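Trainee: Can you read through this structure? Questions will come right after.
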Amino acid sequence: MSRYNAKTVEEKWQRIWDERETFRVDDDAAGERYYVLEMFPYPSGRIHMGHVRNYTLGDVVARYKRARGCAVLHPMGWDAFGLPAENAARERGVHPRDWTYANIAAMRTELQRMGLSLDWSRELATCHPGYYRHQQELILDLLDGGLLYRRAAEVNWDPVDETVLANEQVIDGRGWRSGALVEKRKLEQWFCRITDFNDELLEALEGLERWPDRVRNMQRNWIGRSVGARLRFALAGRDPDDGTGIEVFTTRPDTLFGASFIALAPDHPLALEVAAQDPAALAFVEECRRSSTAEAALQTQEKRGFDTGLKARHVFAGAGWAHGDLPVYIANFVLMGYGTGAIFGCPAHDQRDLDFARAYGLPVRQVVQGGDGGPGGIADEAYVDDSDAARIVNSGFLDRLTVPAAKEAVIARLEQLGCGTGAVTYRLRDWLISRQRYWGCPIPVVHCPSCGLVPVPRADLPVALPEDVQFDQPGNPLDTHPTWKHVPCPSCGTAAQRETDTCDTFVDSSWYFARFCAPRAAQPLPREIVDAWLPVDQYIGGIEHAILHLLYARFFMKALKRVGRIAVDEPFAGLFTQGMVCHETYRAAGGGWLSPDEVVRNPDGTLVAQSDGQPVTAGRSEKMSKSKRNTVDPGAIIEQYGADTARWFMLSDSPPERDLEWTEDGVAGAWRFTQRLWRLLGETLALLNAAEGGRDADGPDPDAIEDAALSGWATELRRGTHRAIASVSATVEIFHFNKAVAEIHSFANLLGGVKPAGAMAPADAAVLRRALEVLALLIGPMMPHLAEEMWAQLGHDSLLADQSWPIAEQRFLAQDQVTIGVQVAGKLRATLTVDKDQDQDSLREAALANDNVRRAIGDRAVRKVIVVPNRIINVVV
RNA sequence: GCGGGCGUGGCGGAACUGGUAGACGCGCCGGACUCAAAAUCCGGUUCUGGUGACAGAGUGUCGGUUCGACUCCGACCGCCCGCACCA
């Protein structure tokens with residue numbers, strides 16, 4: 001048998017799978033439905049190693065579940081709208097549509113070379129009118145249901161990408177794609193009412209048991225529920241009922257008697273009112289605006305404030321409050337975007353308030369004491385204990401209550417006085433979905449001067465993007481297009497204008513997984529079909545979408561359920577977040593980054609640049625990125641070694657949830673193993689051909705043969721085969737693919753060690769043949785092409801992809817003998833190989849009779865002997 | 001500051017519910033085949049001492065529980081990730 005030619009073999013099987021539509025699944029397919037999905041790619045033009053890892057993991061699951069008899073839905077599509085296409089249009093004059101579809105074609109070819117078990121008949125691209133017309137219909141649903149609305153708001157404006165961004169897309173004050181400092185602008189924008197689902201999104205996280213805790217925590221954090229009270233302080237000298245009071249939110253109403261000031265956010269309406277009359281206040285407010293949004297290092301910023309001269313009357317002024325009115329400050333550490341944009345300051349029990357009080361000489365009143373008496377006083381550190389153990393002091397009717405009890409008592413009194421109530425606040429804001437860009441799904445609405453906002457009638461969908469657009473001027477091409485936006489009002493017929501904003505692409509990806517269930521249906525989401533396939537059983541992708549995509553998609557399903565589109569409300573029952581693909585980094589003598597193929601390793605281990613022979617410093621392994629130049633092109637790897645080798649390496653070294661370091665040695669090792677399996681196949685087939693009846697695919701059932709009728713090696717091999725089945729199945733089930741790889745290595749070692757002397761009996765040959773078949777079946781999900789080729793070489797006309805997963809039989813897993821350790825005083829001194837389940841007394845005797853054990857005991861007296869059957873013996877001295 | 005994760009040979013990593021630490025792979029060392037090299041095959045490989053059988057040490061650090069701890073408990077150190085003047 002010649003050397004394994006991955007290229008021709010892989011092309012052959014890819015063609016056969018394609019011709020036979022092996023991985024196509026219909027809605028009425030037999031077997032339990034199982035939906036495997038990897039996060040669909042943005043069509044940048046080339047696949048990268050992160051994709052290879054993602055789709056390899058998904059493909060192992062898909063092929064395994066398929067072998068287990070499931071009707072597996074495993075589709076692929078394109079997250080095809082987005083800014084890079086427009087940038088390409090600006091830079092190269094190519095139409096975003098042409099650029100996108102060319103990229104899709106290139107990436108589809110690359111993906112197909114990976115040999116993924118995808119149902120390509122379901123392929124979709126979000127930029128296709130056949131997709132986004134349905135999205136427009138869903139948007140109208142949300143609009144009708146009050147879950148999409150338009151309002152003016154302070155929003156994040158990315159000056160480089162010239163569009164607004166959602167809160168989730170602003171990281172450390174910068175746009176997530178452009179990296180530009182985000183500006184605040186007051187604009188009319190479209191929002192999804194995600195905050196309507198605060199509690200639903202939060203509570204349902206509990207039920208997502210097959211999600212990583214990390215992701216659930218991140219979402220919990222992002223939603224940011226906090227429980228406390230909302231209360232209103234009247235301004236001294238003004239009518240308490242004229243609405244001029246200051247409303248604050250607090251999670252510590254129990255510390256109300258420790259209040260010593262009120263602080264307003266610089267953007268608070270009352271702060272602005274003051275600033276309108278007082279130039280000094282205005283200067284302070286403007287200063288805060290300049291520093292606050294830009295700086296990421298807010299925690300080091302000094303607490304600063306401006307005394308407005310206003311005084312607030314304490315809510316318990318007539319109910320036990322023994323001090324005067326509270327001064328009202330504008331403070332740089334209070335945020336307008338959270339709670340009510342105003343706080344009451346309790347310096348003794350909040351660090352920020354304490355810092356502020358010390359800076360402005362405000363009173364510090366301790367009202368909480370620890371169970372042990374607590375601190376004797378408050379110095380530089382606030383006392384923040386809010387546990388059951390702490391007690392309230394110096395607080396009138398609250399004295400001696402625990403913190404939780406005091407919270408309740410305060411809320412009850414506030415409600416009785418009519419100046420406050422228990423309240424819950426969330427960090428999550430409504431999702432801003434409108435973008436001032438061309439390459440996105442148009443929001444199907446018309447602005448009519450007389451009727452206002454008018455939805456485009458459903459019969460008129462899609463609102464298609466115009467083809468003839470110019471990118472030679474700044475701004476939104478839809479807005480500057482000469483004719484597109486000018487339409488009659490669908491309602492009254494007078495001249496009106498289309499909405500020129502398009503959707504955030506995260507809207508596109510919030511329901512694509514549902515559309516995959518019926519990608520060509522005339523309606524967006526045919527209920528019976530979608531409800532039958534959803535939720536996705538196993539979703540696989542990177543951790544970077546922990547909040548953005550995964551939260552939006554969850555919201556979208558819940559919203560669609562509320563408007564009656566579907567019955568399912570959690571999109572992903574199981575989520576797996578894979579680690580990143582990393583590579584060592586290299587720096588040239590001049591300091592610039594070098595790519596791995598620009599670096600040569602000398603025999604002595606030193607690194608030099610290929611170009612000039614100058615020394616190169618190797619840096620730490622980091623996520624593959626263009627900027628660090630430490631990427632490896634999957635296309636080149638597949639060309640050189642084949643897809644199976646690339647897939648095998650992706651699975652072999654690291655557990656999938658951890659980062660994987662790509663090394664040339666590692667790939668070479670995977671390649672050697674591929675070749676080794678091929679040689680193993682050839683050698684074993686030669687043995688079988690030489691044996692009587694061994695060639696026969698319809699020979700005796702190897703599992704039905706009595707042990708006595710087999711050679712010793714065949715008995716062992718049969719056991720080993722079943723052990724391999726058991727361990728690979730168990731590890732694949734729980735995503736421990738690196739362990740499955742190790743088990744397959746061991747099994748191949750066992751099989752490769754079979755060297756029968758002389759001619760083989762038919763019974764032995766049947767066992768050997770079966771072992772080889774099982775090897776092919778076990779590598780099937782991981783190295784599908786080689787597995788398929790092995791299956792064919794074993795004389796089968798059927799496809800390995802259509803075979804059932806092998807079953808491990810218990811009777812072959814049981815061991816007759818076990819090797820157990822013997823410890824003396826906890827240290828291993830000997831091992832004994834004994835019959836399984838041997839009785840304790842004879843084990844104890846055998847252990848104590850052992851020379852090594854006796855020497856280790858020496859002249860010490862044996863106090864006790866612990867015997868754990870089939871495990872260990874410990875002699876206690 | 002809050003939340004989560006991780007620390008095991010030269011390296012990636014195994015070790016089931018507390019029971020023989022280092023499976024499997026990479027690398028390295030030695031050998032076989034070869035005129036030679038590549039490829040392949042065989043053997044070795046936690047560290048220290050010993051030719052050896054063996055002995056001692058060893059899972060970030062310190063302490064505890066236990067006949068027995070990588071695993072459980074307490075305190076700490078280091079690294080990574082997410083969120084963050086969130087009231």
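Chain identifiers are assigned as A, B, and so on, following the order in which chains appear in the structure tokens; residues are numbered from 1 within each chain, and ligands are numbered from 1 in order of appearance.
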Please give the complete set of residues from region 31-210 of chain A that DSSP, run on the backbone, assigns to strand (DSSP E or B), formatted as a PyMOL selection string.

Mentor: chain A and resi 33-38+71-73+77-78+124-125+148-158+163-165+170-171+174-175+181+183-192+210

Trainee: Taking only residues of chain A that have an atom at most 7 Å from an atom of chain B, what is each one's shortest atom pair and its distance in Å to one decimal, using only C-alpha atoms (C1' of nucleotides), in chain and number order, as CSV?

Mentor:
residue,atom,partner,partner_atom,distance
A:Arg214,CA,B:G4,C1',5.6
A:Met218,CA,B:G82,C1',6.4
A:Asn221,CA,B:C83,C1',6.7
A:Phe249,CA,B:A87,C1',6.9
A:Thr250,CA,B:A87,C1',5.6
A:Thr251,CA,B:A87,C1',7.0
A:Leu298,CA,B:C85,C1',6.8
A:Gln299,CA,B:C85,C1',6.1
A:Phe333,CA,B:C85,C1',5.0
A:Tyr338,CA,B:C86,C1',6.3
A:Ile343,CA,B:A87,C1',6.0
A:Arg352,CA,B:C85,C1',6.9
A:Arg427,CA,B:C86,C1',6.9
A:Asp653,CA,B:G12,C1',5.5
A:Ser654,CA,B:G12,C1',6.4
A:Asp665,CA,B:C26,C1',6.9
A:Gly666,CA,B:C26,C1',6.3
A:Ala742,CA,B:C24,C1',4.3
A:His745,CA,B:C24,C1',6.7
A:Ile820,CA,B:U20,C1',6.7
A:Gly821,CA,B:U20,C1',4.8
A:Gly826,CA,B:G68,C1',5.5
A:Leu828,CA,B:U20,C1',6.8
A:Ile866,CA,B:C67,C1',6.4
A:Arg871,CA,B:G19,C1',6.1
A:Ile872,CA,B:G19,C1',5.8
A:Asn874,CA,B:C67,C1',6.5
A:Val876,CA,B:C67,C1',6.0

Trainee: Compile the contact shell of Trp120 (chain A) as a ChimeraX atom specification: residues with an atom at most 12 Å away, counting only C-alpha atoms (C1' of nucleotides), same-chain residues fewer than 6 positions apart removed.

Mentor: /A:17-19,21-25,73-78,108-109,111-112,516,519

Trainee: How would the residues just chosen look if you wrote them out with N, CA and C atoms as a CSV table (one decimal), in the first residue's frame?

Mentor:
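In the end it all went to result.csv:
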chain,number,residue,atom,x,y,z
A,17,TRP,N,-20.1,12.3,-0.6
A,17,TRP,CA,-21.1,12.8,0.4
A,17,TRP,C,-22.0,13.8,-0.2
A,18,ASP,N,-21.4,14.7,-1.1
A,18,ASP,CA,-22.2,15.7,-1.7
A,18,ASP,C,-23.2,15.1,-2.7
A,19,GLU,N,-22.7,14.2,-3.5
A,19,GLU,CA,-23.6,13.6,-4.5
A,19,GLU,C,-24.8,12.8,-3.9
A,21,GLU,N,-26.0,13.4,-1.0
A,21,GLU,CA,-26.7,14.2,0.0
A,21,GLU,C,-26.7,13.6,1.4
A,22,THR,N,-25.6,13.0,1.8
A,22,THR,CA,-25.5,12.3,3.0
A,22,THR,C,-25.9,13.0,4.2
A,23,PHE,N,-25.6,14.3,4.2
A,23,PHE,CA,-25.9,15.1,5.5
A,23,PHE,C,-27.1,16.0,5.4
A,24,ARG,N,-27.9,15.7,4.4
A,24,ARG,CA,-29.1,16.5,4.3
A,24,ARG,C,-30.1,15.9,5.3
A,25,VAL,N,-30.9,16.7,5.9
A,25,VAL,CA,-31.8,16.2,6.9
A,25,VAL,C,-33.2,16.8,6.6
A,73,LEU,N,-29.6,18.1,12.6
A,73,LEU,CA,-29.6,19.3,11.8
A,73,LEU,C,-28.3,20.0,12.0
A,74,HIS,N,-27.5,20.2,11.0
A,74,HIS,CA,-26.2,20.9,11.1
A,74,HIS,C,-26.0,21.8,9.9
A,75,PRO,N,-26.5,23.0,10.0
A,75,PRO,CA,-26.5,23.9,8.9
A,75,PRO,C,-25.3,24.9,8.9
A,76,MET,N,-25.2,25.7,7.9
A,76,MET,CA,-24.1,26.7,7.8
A,76,MET,C,-24.7,27.9,7.0
A,77,GLY,N,-24.3,29.1,7.4
A,77,GLY,CA,-24.7,30.3,6.7
A,77,GLY,C,-23.7,31.4,6.9
A,78,TRP,N,-24.2,32.6,6.6
A,78,TRP,CA,-23.3,33.7,6.6
A,78,TRP,C,-23.9,35.0,7.2
A,108,ARG,N,-16.8,29.4,1.3
A,108,ARG,CA,-17.6,28.1,1.2
A,108,ARG,C,-16.7,27.0,0.7
A,109,THR,N,-15.9,27.4,-0.3
A,109,THR,CA,-14.9,26.4,-0.9
A,109,THR,C,-14.0,25.9,0.2
A,111,LEU,N,-14.4,25.9,3.5
A,111,LEU,CA,-15.1,25.1,4.5
A,111,LEU,C,-15.4,23.7,3.9
A,112,GLN,N,-15.8,23.6,2.6
A,112,GLN,CA,-16.1,22.3,2.1
A,112,GLN,C,-14.9,21.4,2.1
A,516,PHE,N,-32.9,28.6,10.0
A,516,PHE,CA,-32.3,27.4,9.5
A,516,PHE,C,-33.2,26.2,9.5
A,519,PRO,N,-35.4,27.3,5.9
A,519,PRO,CA,-34.7,28.4,5.3
A,519,PRO,C,-35.4,28.9,4.0

Trainee: Please provide the set of residues having any atom within 12 Å of G56 (chain B), restricted to only C-alpha atoms (C1' of nucleotides), with same-chain residues fewer than 4 positions apart removed, written as a list in words.

Mentor: Lys827 of chain A; C47, U48, G49 and G50 of chain B

Trainee: Could you check the closest approach to Ile725 (chain A) for each of A:Ser652, A:Ser121, A:Gln810, A:Gln815 and tell me which residue wins, using only C-alpha atoms?

Mentor: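 Ranked by minimum distance to Ile725 (chain A), first place goes to A:Gln810.
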
Trainee: Give me the residues near His323 (chain A) as a PyMOL selection string, where near means some atom within 10 Å (using only C-alpha atoms (C1' of nucleotides)) and where sequence neighbours in that chain fewer than 5 positions away do not count.

Mentor: chain A and resi 257+259-260+314+317

Trainee: I need the chosen residues saved as a PDB file, in the first residue's frame, with N, CA, C and O atoms.

Mentor:
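Output contents, as saved in again.pdb:
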ATOM      1  N   PHE A 257     -30.263  57.096  58.141  1.00  0.00           N
ATOM      2  CA  PHE A 257     -29.943  58.025  59.229  1.00  0.00           C
ATOM      3  C   PHE A 257     -28.457  58.412  59.241  1.00  0.00           C
ATOM      4  O   PHE A 257     -28.050  59.244  60.032  1.00  0.00           O
ATOM      5  N   ALA A 259     -27.136  59.636  56.509  1.00  0.00           N
ATOM      6  CA  ALA A 259     -26.998  60.542  55.359  1.00  0.00           C
ATOM      7  C   ALA A 259     -26.336  61.841  55.781  1.00  0.00           C
ATOM      8  O   ALA A 259     -26.591  62.359  56.871  1.00  0.00           O
ATOM      9  N   SER A 260     -25.444  62.354  54.901  1.00  0.00           N
ATOM     10  CA  SER A 260     -24.943  63.685  55.201  1.00  0.00           C
ATOM     11  C   SER A 260     -24.913  64.597  53.985  1.00  0.00           C
ATOM     12  O   SER A 260     -24.551  65.757  54.099  1.00  0.00           O
ATOM     13  N   HIS A 314     -34.492  65.960  54.885  1.00  0.00           N
ATOM     14  CA  HIS A 314     -34.393  64.504  55.081  1.00  0.00           C
ATOM     15  C   HIS A 314     -35.782  63.884  55.115  1.00  0.00           C
ATOM     16  O   HIS A 314     -36.711  64.467  55.656  1.00  0.00           O
ATOM     17  N   ALA A 317     -37.355  63.758  58.384  1.00  0.00           N
ATOM     18  CA  ALA A 317     -37.200  65.005  59.133  1.00  0.00           C
ATOM     19  C   ALA A 317     -38.207  65.093  60.281  1.00  0.00           C
ATOM     20  O   ALA A 317     -37.886  65.586  61.355  1.00  0.00           O
TER      21      ALA A 317
END

Trainee: Which of these, B:A55, B:G9, B:G64, B:A38, has the shortest distance to Ala856 (chain A) once you count only C-alpha atoms (C1' of nucleotides)?

Mentor: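 Selected residue with least distance to Ala856 (chain A): B:A55.
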
Trainee: Considering only C-alpha atoms (C1' of nucleotides), return as an MDAnalysis selection string whatever protein or nucleic-acid residues lie within 8 Å of U8 (chain B), sequence-local ones (same chain, fewer than 3 positions apart) excluded.

Mentor: chainID B and resid 22 59 70

Trainee: Go ahead and save the picked residues with N, CA and C atoms (P, O5', C5', C4', C3', O3' and C1' of nucleotides), as a PDB file, in the first residue's frame.

Mentor:
ATOM      1  P     G B  22       1.957   7.155  37.638  1.00  0.00           P
ATOM      2  O5'   G B  22       1.976   8.314  36.571  1.00  0.00           O
ATOM      3  C5'   G B  22       0.791   8.669  35.860  1.00  0.00           C
ATOM      4  C4'   G B  22       1.090   9.918  35.079  1.00  0.00           C
ATOM      5  C3'   G B  22       2.242   9.767  34.117  1.00  0.00           C
ATOM      6  O3'   G B  22       1.701   9.350  32.881  1.00  0.00           O
ATOM      7  C1'   G B  22       2.400  11.816  35.365  1.00  0.00           C
ATOM      8  P     U B  59       3.766  18.253  46.015  1.00  0.00           P
ATOM      9  O5'   U B  59       3.168  18.366  44.539  1.00  0.00           O
ATOM     10  C5'   U B  59       3.663  19.335  43.625  1.00  0.00           C
ATOM     11  C4'   U B  59       2.644  19.612  42.550  1.00  0.00           C
ATOM     12  C3'   U B  59       1.352  20.244  43.075  1.00  0.00           C
ATOM     13  O3'   U B  59       0.886  21.173  42.103  1.00  0.00           O
ATOM     14  C1'   U B  59       0.850  18.224  41.974  1.00  0.00           C
ATOM     15  P     C B  70      -1.733  13.960  46.882  1.00  0.00           P
ATOM     16  O5'   C B  70      -2.042  14.930  45.660  1.00  0.00           O
ATOM     17  C5'   C B  70      -1.714  16.296  45.745  1.00  0.00           C
ATOM     18  C4'   C B  70      -2.496  17.077  44.740  1.00  0.00           C
ATOM     19  C3'   C B  70      -3.982  17.226  45.050  1.00  0.00           C
ATOM     20  O3'   C B  70      -4.192  18.303  45.937  1.00  0.00           O
ATOM     21  C1'   C B  70      -3.674  16.658  42.775  1.00  0.00           C
TER      22        C B  70
END

Trainee: Go ahead and compute the interatomic distance for CA of Thr56 (chain A) and CA of Ser509 (chain A), in Å to one decimal.

Mentor: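 Distance reported for this atom pair: 21.2 Å.
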
Trainee: Quick check, in Å to one decimal: how far apart do CA of Glu743 (chain A) and CA of His722 (chain A) lie?

Mentor: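 Interatomic distance here is 11.6 Å.
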
Trainee: Using only C-alpha atoms (C1' of nucleotides), which of B:G10, B:C33, B:G63, B:A69 sits nearest U45 (chain B)?

Mentor: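 Distance minimum relative to U45 (chain B) lands on B:G10.
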
Trainee: Separation of CA of Arg620 (chain A) and CA of Met580 (chain A), in Å?

Mentor: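 Separating CA of Arg620 (chain A) from CA of Met580 (chain A) is a distance of 14.3 Å.
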